[in-house]
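Here is the file work_22.pdb (PDB, C-alpha atoms, pLDDT in the B column).
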```pdb
ATOM      1  CA  MET A 245      83.093  55.842 151.421  1.00 46.00           C
ATOM      2  CA  GLY A 246      86.132  57.992 152.189  1.00 50.00           C
ATOM      3  CA  LYS A 247      86.255  56.710 155.769  1.00 59.00           C
ATOM      4  CA  ASN A 248      86.882  53.124 154.603  1.00 70.00           C
ATOM      5  CA  LYS A 249      89.726  54.085 152.256  1.00 80.00           C
ATOM      6  CA  CYS A 250      93.395  53.536 153.056  1.00 84.00           C
ATOM      7  CA  SER A 251      95.366  56.748 153.283  1.00 86.00           C
ATOM      8  CA  PHE A 252      99.055  57.570 153.188  1.00 84.00           C
ATOM      9  CA  LYS A 253     101.100  56.464 156.231  1.00 86.00           C
ATOM     10  CA  HIS A 254     104.068  58.582 157.293  1.00 85.00           C
ATOM     11  CA  LYS A 255     105.837  55.542 158.738  1.00 86.00           C
ATOM     12  CA  TRP A 256     106.427  54.364 155.179  1.00 83.00           C
ATOM     13  CA  LEU A 257     108.989  57.150 154.775  1.00 84.00           C
ATOM     14  CA  SER A 258     111.236  55.569 157.408  1.00 85.00           C
ATOM     15  CA  THR A 259     110.853  52.032 156.031  1.00 86.00           C
ATOM     16  CA  LYS A 260     113.852  50.827 154.047  1.00 84.00           C
ATOM     17  CA  ASP A 261     111.804  48.846 151.528  1.00 84.00           C
ATOM     18  CA  TYR A 262     109.669  51.903 150.807  1.00 86.00           C
ATOM     19  CA  SER A 263     112.496  54.433 150.327  1.00 85.00           C
ATOM     20  CA  TRP A 264     111.029  55.223 146.915  1.00 84.00           C
ATOM     21  CA  VAL A 265     107.598  56.202 148.289  1.00 87.00           C
ATOM     22  CA  ARG A 266     106.639  59.880 148.199  1.00 86.00           C
ATOM     23  CA  GLN A 267     103.426  61.486 149.430  1.00 82.00           C
ATOM     24  CA  PHE A 268     101.286  62.936 146.689  1.00 79.00           C
ATOM     25  CA  LYS A 269     100.254  66.435 147.710  1.00 75.00           C
ATOM     26  CA  GLY A 270      96.546  67.201 147.501  1.00 73.00           C
ATOM     27  CA  ASP A 271      95.379  63.577 147.706  1.00 81.00           C
ATOM     28  CA  LYS A 272      96.194  61.411 150.710  1.00 82.00           C
ATOM     29  CA  TYR A 273      94.840  58.310 148.922  1.00 85.00           C
ATOM     30  CA  LYS A 274      97.637  58.414 146.298  1.00 87.00           C
ATOM     31  CA  VAL A 275     101.418  58.042 146.411  1.00 86.00           C
ATOM     32  CA  LEU A 276     104.267  58.850 144.040  1.00 84.00           C
ATOM     33  CA  CYS A 277     107.050  56.439 143.078  1.00 87.00           C
ATOM     34  CA  SER A 278     110.218  58.521 142.800  1.00 84.00           C
ATOM     35  CA  ILE A 279     111.961  55.832 140.750  1.00 84.00           C
ATOM     36  CA  CYS A 280     109.271  55.256 138.117  1.00 85.00           C
ATOM     37  CA  ASN A 281     107.903  58.800 138.422  1.00 82.00           C
ATOM     38  CA  LYS A 282     104.437  57.262 138.586  1.00 83.00           C
ATOM     39  CA  ILE A 283     101.400  58.154 140.699  1.00 85.00           C
ATOM     40  CA  PHE A 284      99.112  55.291 141.751  1.00 83.00           C
ATOM     41  CA  ASP A 285      96.123  54.842 144.062  1.00 85.00           C
ATOM     42  CA  ILE A 286      96.347  53.186 147.513  1.00 85.00           C
ATOM     43  CA  GLY A 287      92.793  53.883 148.658  1.00 82.00           C
ATOM     44  CA  SER A 288      91.521  50.366 148.137  1.00 83.00           C
ATOM     45  CA  MET A 289      94.635  48.245 148.793  1.00 84.00           C
ATOM     46  CA  GLY A 290      96.765  50.375 151.128  1.00 84.00           C
ATOM     47  CA  GLU A 291     100.217  48.918 151.807  1.00 86.00           C
ATOM     48  CA  SER A 292      99.469  45.987 149.506  1.00 87.00           C
ATOM     49  CA  ALA A 293      99.438  48.453 146.606  1.00 86.00           C
ATOM     50  CA  LEU A 294     103.007  49.438 147.505  1.00 85.00           C
ATOM     51  CA  LYS A 295     104.173  45.820 147.574  1.00 86.00           C
ATOM     52  CA  SER A 296     102.419  45.079 144.301  1.00 87.00           C
ATOM     53  CA  HIS A 297     104.064  48.075 142.589  1.00 86.00           C
ATOM     54  CA  MET A 298     107.462  47.183 144.037  1.00 86.00           C
ATOM     55  CA  LYS A 299     107.266  43.725 142.415  1.00 87.00           C
ATOM     56  CA  SER A 300     106.271  45.050 138.995  1.00 88.00           C
ATOM     57  CA  ASP A 301     108.714  44.667 136.072  1.00 86.00           C
ATOM     58  CA  LYS A 302     108.715  48.387 135.334  1.00 85.00           C
ATOM     59  CA  HIS A 303     109.721  49.285 138.885  1.00 85.00           C
ATOM     60  CA  LYS A 304     112.503  46.697 138.947  1.00 86.00           C
ATOM     61  CA  SER A 305     113.816  47.901 135.596  1.00 84.00           C
ATOM     62  CA  CYS A 306     113.856  51.556 136.683  1.00 83.00           C
ATOM     63  CA  GLU A 307     115.454  50.668 140.004  1.00 81.00           C
ATOM     64  CA  ALA A 308     118.241  48.735 138.277  1.00 82.00           C
ATOM     65  CA  SER A 309     118.842  51.633 135.892  1.00 78.00           C
ATOM     66  CA  VAL A 310     119.129  54.165 138.729  1.00 73.00           C
ATOM     67  CA  SER A 311     121.412  51.985 140.849  1.00 69.00           C
ATOM     68  CA  GLY A 312     123.681  51.390 137.860  1.00 61.00           C
ATOM     69  CA  THR A 313     124.247  55.094 137.243  1.00 54.00           C
ATOM     70  CA  ALA A 314     127.627  56.139 138.648  1.00 38.00           C
ATOM     71  CA  THR A 315     126.646  59.588 139.788  1.00 42.00           C
ATOM     72  CA  GLY A 316     122.874  59.108 139.982  1.00 43.00           C
ATOM     73  CA  ALA A 317     121.499  59.187 143.499  1.00 42.00           C
ATOM     74  CA  PHE A 318     118.423  60.176 145.434  1.00 40.00           C
ATOM     75  CA  PHE A 319     118.787  62.904 148.014  1.00 43.00           C
ATOM     76  CA  VAL A 320     116.107  63.192 150.719  1.00 42.00           C
ATOM     77  CA  SER A 321     115.818  66.602 152.336  1.00 45.00           C
ATOM     78  CA  LYS A 322     115.100  65.986 155.999  1.00 46.00           C
ATOM     79  CA  GLY A 323     116.462  69.236 157.490  1.00 48.00           C
ATOM     80  CA  ASN A 324     113.605  71.423 156.286  1.00 48.00           C
ATOM     81  CA  HIS A 325     111.122  68.743 157.353  1.00 46.00           C
ATOM     82  CA  ASP A 326     112.375  68.742 160.938  1.00 50.00           C
ATOM     83  CA  LYS A 327     112.352  72.539 161.123  1.00 48.00           C
ATOM     84  CA  GLU A 328     108.748  72.750 159.970  1.00 47.00           C
ATOM     85  CA  ARG A 329     107.665  70.087 162.442  1.00 48.00           C
ATOM     86  CA  SER A 330     109.076  72.170 165.290  1.00 47.00           C
ATOM     87  CA  LYS A 331     106.908  75.067 164.175  1.00 49.00           C
ATOM     88  CA  GLY A 332     103.699  73.085 164.280  1.00 47.00           C
ATOM     89  CA  PHE A 333     103.222  72.431 160.599  1.00 41.00           C
ATOM     90  CA  GLU A 334     103.443  68.663 160.858  1.00 43.00           C
ATOM     91  CA  SER A 335     100.220  67.981 158.991  1.00 44.00           C
ATOM     92  CA  SER A 336     101.232  69.907 155.860  1.00 42.00           C
ATOM     93  CA  VAL A 337     104.950  69.163 155.543  1.00 40.00           C
ATOM     94  CA  GLU A 338     105.539  65.858 157.297  1.00 44.00           C
ATOM     95  CA  GLY A 339     105.352  63.864 154.072  1.00 46.00           C
ATOM     96  CA  THR A 340     107.185  66.330 151.883  1.00 43.00           C
ATOM     97  CA  VAL A 341     110.268  64.705 150.429  1.00 40.00           C
ATOM     98  CA  GLU A 342     112.342  65.965 147.549  1.00 43.00           C
ATOM     99  CA  SER A 343     114.308  63.777 145.213  1.00 42.00           C
ATOM    100  CA  MET A 344     116.787  64.557 142.491  1.00 41.00           C
ATOM    101  CA  VAL A 345     118.562  62.312 139.994  1.00 45.00           C
ATOM    102  CA  VAL A 346     121.881  63.555 138.613  1.00 47.00           C
ATOM    103  CA  PRO A 347     122.533  61.777 135.288  1.00 52.00           C
ATOM    104  CA  LEU A 348     125.932  61.292 133.751  1.00 51.00           C
ATOM    105  CA  PRO A 349     126.878  64.023 131.245  1.00 52.00           C
ATOM    106  CA  PRO A 350     126.998  62.885 127.628  1.00 57.00           C
ATOM    107  CA  THR A 351     130.467  61.861 126.555  1.00 54.00           C
ATOM    108  CA  VAL A 352     131.967  63.249 123.375  1.00 54.00           C
ATOM    109  CA  ASP A 353     133.950  60.558 121.622  1.00 56.00           C
ATOM    110  CA  VAL A 354     136.000  61.636 118.618  1.00 52.00           C
ATOM    111  CA  PRO A 355     136.407  58.651 116.288  1.00 60.00           C
ATOM    112  CA  HIS A 356     139.963  57.606 115.601  1.00 54.00           C
ATOM    113  CA  THR A 357     139.407  57.871 111.857  1.00 57.00           C
ATOM    114  CA  GLN A 358     138.131  61.450 112.225  1.00 57.00           C
ATOM    115  CA  ALA A 359     141.164  62.523 114.294  1.00 53.00           C
ATOM    116  CA  ARG A 360     143.490  60.859 111.805  1.00 57.00           C
ATOM    117  CA  GLY A 361     141.687  62.653 108.963  1.00 57.00           C
ATOM    118  CA  GLN A 362     142.199  66.040 110.642  1.00 62.00           C
ATOM    119  CA  ILE A 363     145.930  65.400 111.036  1.00 63.00           C
ATOM    120  CA  ALA A 364     146.209  64.238 107.425  1.00 61.00           C
ATOM    121  CA  SER A 365     144.388  67.377 106.245  1.00 64.00           C
ATOM    122  CA  TYR A 366     146.852  69.575 108.147  1.00 62.00           C
ATOM    123  CA  LEU A 367     149.861  67.726 106.706  1.00 68.00           C
ATOM    124  CA  ILE A 368     148.500  67.979 103.154  1.00 80.00           C
ATOM    125  CA  LYS A 369     148.006  71.733 103.610  1.00 85.00           C
ATOM    126  CA  GLU A 370     151.679  72.085 104.634  1.00 88.00           C
ATOM    127  CA  ASP A 371     152.784  70.020 101.628  1.00 90.00           C
ATOM    128  CA  VAL A 372     150.693  72.168  99.267  1.00 90.00           C
ATOM    129  CA  SER A 373     152.264  75.375 100.651  1.00 89.00           C
ATOM    130  CA  LYS A 374     155.723  73.861 100.207  1.00 91.00           C
ATOM    131  CA  ALA A 375     154.946  72.944  96.596  1.00 91.00           C
ATOM    132  CA  GLU A 376     153.672  76.453  95.822  1.00 91.00           C
ATOM    133  CA  ILE A 377     156.801  78.037  97.361  1.00 91.00           C
ATOM    134  CA  LEU A 378     159.125  75.782  95.341  1.00 92.00           C
ATOM    135  CA  TRP A 379     157.245  76.564  92.135  1.00 92.00           C
ATOM    136  CA  THR A 380     157.419  80.316  92.808  1.00 92.00           C
ATOM    137  CA  LEU A 381     161.179  80.025  93.399  1.00 91.00           C
ATOM    138  CA  ARG A 382     161.473  78.139  90.114  1.00 91.00           C
ATOM    139  CA  THR A 383     159.561  80.886  88.313  1.00 92.00           C
ATOM    140  CA  VAL A 384     161.811  83.629  89.724  1.00 89.00           C
ATOM    141  CA  THR A 385     165.176  81.892  89.243  1.00 89.00           C
ATOM    142  CA  ALA A 386     164.286  80.817  85.692  1.00 92.00           C
ATOM    143  CA  HIS A 387     163.220  84.405  84.882  1.00 90.00           C
ATOM    144  CA  ASN A 388     159.790  83.193  83.811  1.00 91.00           C
ATOM    145  CA  SER A 389     156.891  85.621  83.800  1.00 91.00           C
ATOM    146  CA  ASN A 390     154.076  85.378  86.325  1.00 90.00           C
ATOM    147  CA  LYS A 391     151.677  85.177  83.377  1.00 91.00           C
ATOM    148  CA  SER A 392     153.207  81.842  82.383  1.00 90.00           C
ATOM    149  CA  ASN A 393     151.614  80.277  85.494  1.00 90.00           C
ATOM    150  CA  GLU A 394     148.083  81.311  84.538  1.00 88.00           C
ATOM    151  CA  HIS A 395     146.792  77.750  83.874  1.00 88.00           C
ATOM    152  CA  ILE A 396     149.436  75.750  85.730  1.00 89.00           C
ATOM    153  CA  THR A 397     146.847  74.488  88.260  1.00 89.00           C
ATOM    154  CA  GLU A 398     144.793  72.687  85.602  1.00 91.00           C
ATOM    155  CA  ILE A 399     147.956  71.266  84.027  1.00 92.00           C
ATOM    156  CA  PHE A 400     149.188  69.766  87.312  1.00 90.00           C
ATOM    157  CA  LYS A 401     145.764  68.247  88.045  1.00 90.00           C
ATOM    158  CA  ALA A 402     145.765  66.610  84.601  1.00 92.00           C
ATOM    159  CA  MET A 403     149.352  65.390  85.000  1.00 92.00           C
ATOM    160  CA  PHE A 404     148.884  64.020  88.532  1.00 92.00           C
ATOM    161  CA  PRO A 405     145.180  63.036  88.905  1.00 91.00           C
ATOM    162  CA  ASP A 406     145.892  60.780  91.913  1.00 91.00           C
ATOM    163  CA  SER A 407     147.789  63.447  93.910  1.00 91.00           C
ATOM    164  CA  GLN A 408     146.020  65.305  96.712  1.00 89.00           C
ATOM    165  CA  ILE A 409     148.724  67.993  96.595  1.00 90.00           C
ATOM    166  CA  ALA A 410     148.138  68.632  92.887  1.00 89.00           C
ATOM    167  CA  ALA A 411     144.373  68.750  93.505  1.00 90.00           C
ATOM    168  CA  LYS A 412     144.813  71.615  95.994  1.00 90.00           C
ATOM    169  CA  PHE A 413     147.730  73.361  94.241  1.00 90.00           C
ATOM    170  CA  THR A 414     146.829  76.944  93.221  1.00 88.00           C
ATOM    171  CA  CYS A 415     149.662  79.132  91.999  1.00 88.00           C
ATOM    172  CA  GLY A 416     148.443  81.248  89.100  1.00 88.00           C
ATOM    173  CA  GLU A 417     149.682  84.620  87.899  1.00 89.00           C
ATOM    174  CA  LYS A 418     148.431  86.750  90.812  1.00 90.00           C
ATOM    175  CA  LYS A 419     149.366  84.299  93.570  1.00 89.00           C
ATOM    176  CA  THR A 420     152.871  83.863  92.150  1.00 90.00           C
ATOM    177  CA  ALA A 421     153.379  87.636  92.153  1.00 90.00           C
ATOM    178  CA  TYR A 422     151.999  87.949  95.691  1.00 88.00           C
ATOM    179  CA  MET A 423     154.211  85.184  97.072  1.00 87.00           C
ATOM    180  CA  SER A 424     157.280  86.652  95.348  1.00 87.00           C
ATOM    181  CA  VAL A 425     156.827  90.211  96.655  1.00 85.00           C
ATOM    182  CA  PHE A 426     155.193  89.765 100.063  1.00 85.00           C
ATOM    183  CA  GLY A 427     156.443  86.291 100.965  1.00 84.00           C
ATOM    184  CA  LEU A 428     159.792  85.209  99.568  1.00 86.00           C
ATOM    185  CA  SER A 429     161.207  88.718  99.161  1.00 84.00           C
ATOM    186  CA  GLU A 430     160.532  89.659 102.790  1.00 85.00           C
ATOM    187  CA  HIS A 431     162.002  86.337 103.929  1.00 86.00           C
ATOM    188  CA  PHE A 432     165.272  86.697 102.001  1.00 85.00           C
ATOM    189  CA  ILE A 433     165.713  90.330 103.054  1.00 85.00           C
ATOM    190  CA  ALA A 434     165.374  89.261 106.695  1.00 87.00           C
ATOM    191  CA  LEU A 435     167.994  86.533 106.148  1.00 87.00           C
ATOM    192  CA  LEU A 436     170.322  89.070 104.504  1.00 86.00           C
ATOM    193  CA  LYS A 437     170.038  91.497 107.424  1.00 85.00           C
ATOM    194  CA  GLU A 438     170.898  88.703 109.852  1.00 85.00           C
ATOM    195  CA  GLU A 439     173.913  87.736 107.772  1.00 86.00           C
ATOM    196  CA  VAL A 440     175.434  91.215 107.564  1.00 87.00           C
ATOM    197  CA  ASN A 441     177.678  91.730 110.610  1.00 80.00           C
ATOM    198  CA  GLY A 442     180.292  94.428 110.950  1.00 80.00           C
ATOM    199  CA  CYS A 443     181.227  96.881 108.212  1.00 86.00           C
ATOM    200  CA  PHE A 444     179.320  97.091 104.933  1.00 89.00           C
ATOM    201  CA  ALA A 445     178.879  99.414 101.971  1.00 91.00           C
ATOM    202  CA  ILE A 446     175.771 100.452 100.053  1.00 88.00           C
ATOM    203  CA  LEU A 447     175.918 100.487  96.250  1.00 88.00           C
ATOM    204  CA  PHE A 448     173.284 101.999  93.979  1.00 82.00           C
ATOM    205  CA  ASP A 449     172.728 102.386  90.265  1.00 81.00           C
ATOM    206  CA  GLU A 450     170.086 104.641  88.725  1.00 76.00           C
ATOM    207  CA  SER A 451     168.747 103.983  85.243  1.00 78.00           C
ATOM    208  CA  LEU A 452     165.574 104.317  83.174  1.00 74.00           C
ATOM    209  CA  ASN A 453     162.933 101.626  83.486  1.00 71.00           C
ATOM    210  CA  LYS A 454     161.619 101.494  79.926  1.00 70.00           C
ATOM    211  CA  LYS A 455     158.356  99.808  80.899  1.00 64.00           C
ATOM    212  CA  THR A 456     157.269 102.253  83.622  1.00 66.00           C
ATOM    213  CA  GLN A 457     159.206 105.231  82.244  1.00 68.00           C
ATOM    214  CA  GLN A 458     160.560 105.900  85.726  1.00 75.00           C
ATOM    215  CA  GLN A 459     164.007 106.287  87.195  1.00 80.00           C
ATOM    216  CA  GLN A 460     164.799 102.974  88.872  1.00 82.00           C
ATOM    217  CA  MET A 461     167.490 102.928  91.543  1.00 84.00           C
ATOM    218  CA  ASP A 462     168.805  99.444  92.312  1.00 87.00           C
ATOM    219  CA  ILE A 463     170.426  99.055  95.738  1.00 88.00           C
ATOM    220  CA  HIS A 464     173.111  96.483  96.568  1.00 89.00           C
ATOM    221  CA  ILE A 465     174.988  95.803  99.762  1.00 90.00           C
ATOM    222  CA  ARG A 466     178.662  94.727  99.994  1.00 92.00           C
ATOM    223  CA  TYR A 467     180.020  93.093 103.136  1.00 89.00           C
ATOM    224  CA  TRP A 468     182.483  90.551 104.516  1.00 87.00           C
ATOM    225  CA  LYS A 469     181.583  86.878 104.723  1.00 85.00           C
ATOM    226  CA  ASP A 470     184.050  84.082 105.495  1.00 83.00           C
ATOM    227  CA  ASN A 471     187.038  86.336 104.654  1.00 84.00           C
ATOM    228  CA  ASN A 472     185.488  87.178 101.286  1.00 88.00           C
ATOM    229  CA  VAL A 473     183.821  90.282  99.875  1.00 90.00           C
ATOM    230  CA  VAL A 474     180.185  89.497  98.991  1.00 89.00           C
ATOM    231  CA  THR A 475     177.781  91.734  97.036  1.00 91.00           C
ATOM    232  CA  ARG A 476     174.039  91.064  97.293  1.00 87.00           C
ATOM    233  CA  TYR A 477     171.003  92.752  95.803  1.00 84.00           C
ATOM    234  CA  LEU A 478     168.879  94.488  98.460  1.00 83.00           C
ATOM    235  CA  GLY A 479     166.032  96.185  96.583  1.00 81.00           C
ATOM    236  CA  SER A 480     164.891  98.855  94.120  1.00 81.00           C
ATOM    237  CA  GLU A 481     163.295 102.282  94.403  1.00 81.00           C
ATOM    238  CA  PHE A 482     161.395 104.251  91.743  1.00 76.00           C
ATOM    239  CA  LEU A 483     162.144 107.978  91.793  1.00 75.00           C
ATOM    240  CA  GLY A 484     159.504 109.328  89.431  1.00 66.00           C
ATOM    241  CA  LYS A 485     159.016 110.088  85.775  1.00 57.00           C
ATOM    242  CA  PHE A 486     162.120 110.302  83.599  1.00 49.00           C
ATOM    243  CA  LYS A 487     162.619 113.657  81.929  1.00 53.00           C
ATOM    244  CA  LEU A 488     164.714 114.151  78.828  1.00 46.00           C
ATOM    245  CA  ARG A 489     167.293 116.921  79.063  1.00 48.00           C
ATOM    246  CA  TYR A 490     168.668 118.726  76.053  1.00 39.00           C
TER
END
```

Could you render the structure from this file as structure tokens?
Amino acid sequence: MGKNKCSFKHKWLSTKDYSWVRQFKGDKYKVLCSICNKIFDIGSMGESALKSHMKSDKHKSCEASVSGTATGAFFVSKGNHDKERSKGFESSVEGTVESMVVPLPPTVDVPHTQARGQIASYLIKEDVSKAEILWTLRTVTAHNSNKSNEHITEIFKAMFPDSQIAAKFTCGEKKTAYMSVFGLSEHFIALLKEEVNGCFAILFDESLNKKTQQQQMDIHIRYWKDNNVVTRYLGSEFLGKFKLRY
């Protein structure tokens, strides 16, 4: 029965209408459609099986999809085929054809609302920091204690329930102290050093700090500014335990 079957024809590879035909290795009575990625039998119908498959809806749909892909293409490797033919391996490699489809990479589209939300989040964070700095300055200049800010976060949230800044505002006792010592203090000292140009004098006063029972030395700096003598506080140093002398 095998003698009456239709087998694969190599001339199909050079036919324009059959550019999608690939030989199926191991069975000369079957072919592979590189577009549909489907193997079908040609033993009984021969070339008619190719024409029938080419007219099928699935093949047309796959062909339209491939042709519509911007970077998708089929590449037929003929160089290796010709080299092998020159070496006498025509029977085993003559129908070998490789194909590769390169699909478009997936595009990452950031929604406009998401990008706008990220910007808004950044701006709100800046506004919250500004509010916390202003409140810390108010605490220092009014000579209020850091302890007085212990529950200020809950108070602001209750006072301004519709404010996103109040919802994220956190400036309790410990944060107020931290921002005063390691934030605002360092900033104002840097501004003072930039302002002092030319001659200056250092003033100091040592006295007992009753709370810590230590000798506290306050340091001031006196300098010229706009034809005036200006005295500014620079910092304090603790010199140890205070000892009574008789």

Can you list, as a ChimeraX atom specification, every protein, DNA or RNA residue that comes within 8 Å of Phe448 of chain A when you count only C-alpha atoms, leaving out same-chain residues fewer than 5 positions away?
-> /A:461-464

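Of the residues under consideration (A:Ser251, A:Ser451, A:Asn471, A:Thr414), A:Ser251 shows the shortest atom-to-atom contact distance to Val275 of chain A when counting only C-alpha atoms.
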
For the file shown, what are the residues hit by the PyMOL selection byres ((chain A and resi 261) around 12), laid out as a ChimeraX atom specification?
-> /A:255-260,262-265,291,294-295,297-299

When you draw a straight line from atom CA of Glu394 of chain A to atom CA of Glu376 of chain A, how long is it in Å?
-> 13.5 Å

Do you know which residues the PyMOL selection byres ((chain A and resi 398) around 12) returns on this file, as a list in words?
-> Asn393, Glu394, His395, Ile396, Thr397, Ile399, Phe400, Lys401, Ala402, Met403, Phe404, Pro405, Ala410, Ala411, Lys412, Phe413, Thr414, Cys415 and Gly416 of chain A

For segment 480-482 of chain A, list every protein, DNA or RNA residue within 12 Å, evaluated using only C-alpha atoms, and leave out those in the same chain fewer than 3 positions away; present the list as a CSV table (one decimal) with C-alpha atoms, in the coordinates of the input.
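Dumped to part-v6.csv:
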```csv
chain,number,residue,atom,x,y,z
A,429,SER,CA,161.2,88.7,99.2
A,447,LEU,CA,175.9,100.5,96.2
A,448,PHE,CA,173.3,102.0,94.0
A,449,ASP,CA,172.7,102.4,90.3
A,450,GLU,CA,170.1,104.6,88.7
A,451,SER,CA,168.7,104.0,85.2
A,452,LEU,CA,165.6,104.3,83.2
A,453,ASN,CA,162.9,101.6,83.5
A,456,THR,CA,157.3,102.3,83.6
A,457,GLN,CA,159.2,105.2,82.2
A,458,GLN,CA,160.6,105.9,85.7
A,459,GLN,CA,164.0,106.3,87.2
A,460,GLN,CA,164.8,103.0,88.9
A,461,MET,CA,167.5,102.9,91.5
A,462,ASP,CA,168.8,99.4,92.3
A,463,ILE,CA,170.4,99.1,95.7
A,464,HIS,CA,173.1,96.5,96.6
A,465,ILE,CA,175.0,95.8,99.8
A,477,TYR,CA,171.0,92.8,95.8
A,485,LYS,CA,159.0,110.1,85.8
A,486,PHE,CA,162.1,110.3,83.6
```

Quick one, how far is atom CA of Glu417 of chain A from atom CA of Gly479 of chain A?
-> 21.8 Å

Would you mind listing what lies within 12 Å of Ser389 of chain A as a list in words, with all atoms listed in the file counted and same-chain residues fewer than 2 positions away left out?
-> Thr380, Leu381, Arg382, Thr383, Val384, Thr385, Ala386, His387, Lys391, Ser392, Asn393, Glu394, Gly416, Glu417, Lys418, Thr420, Ala421 and Ser424 of chain A

Using all atoms listed in the file, which of A:Lys249, A:Phe268, A:Lys369, A:Cys280 sits nearest Ser309 of chain A?
-> A:Cys280

Point-to-point distance in Å for atom CA of Met423 of chain A and atom CA of Ala445 of chain A =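 It comes out at 28.9 Å.
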
Hits of the PyMOL selection byres ((chain A and resi 475) around 6) in this structure, as a ChimeraX atom specification = /A:465-466,474,476

Determine the nearest neighbour of Ala434 of chain A from the options A:Lys253, A:Lys274, A:Ile446, A:Leu478, counting only C-alpha atoms.
-> A:Leu478
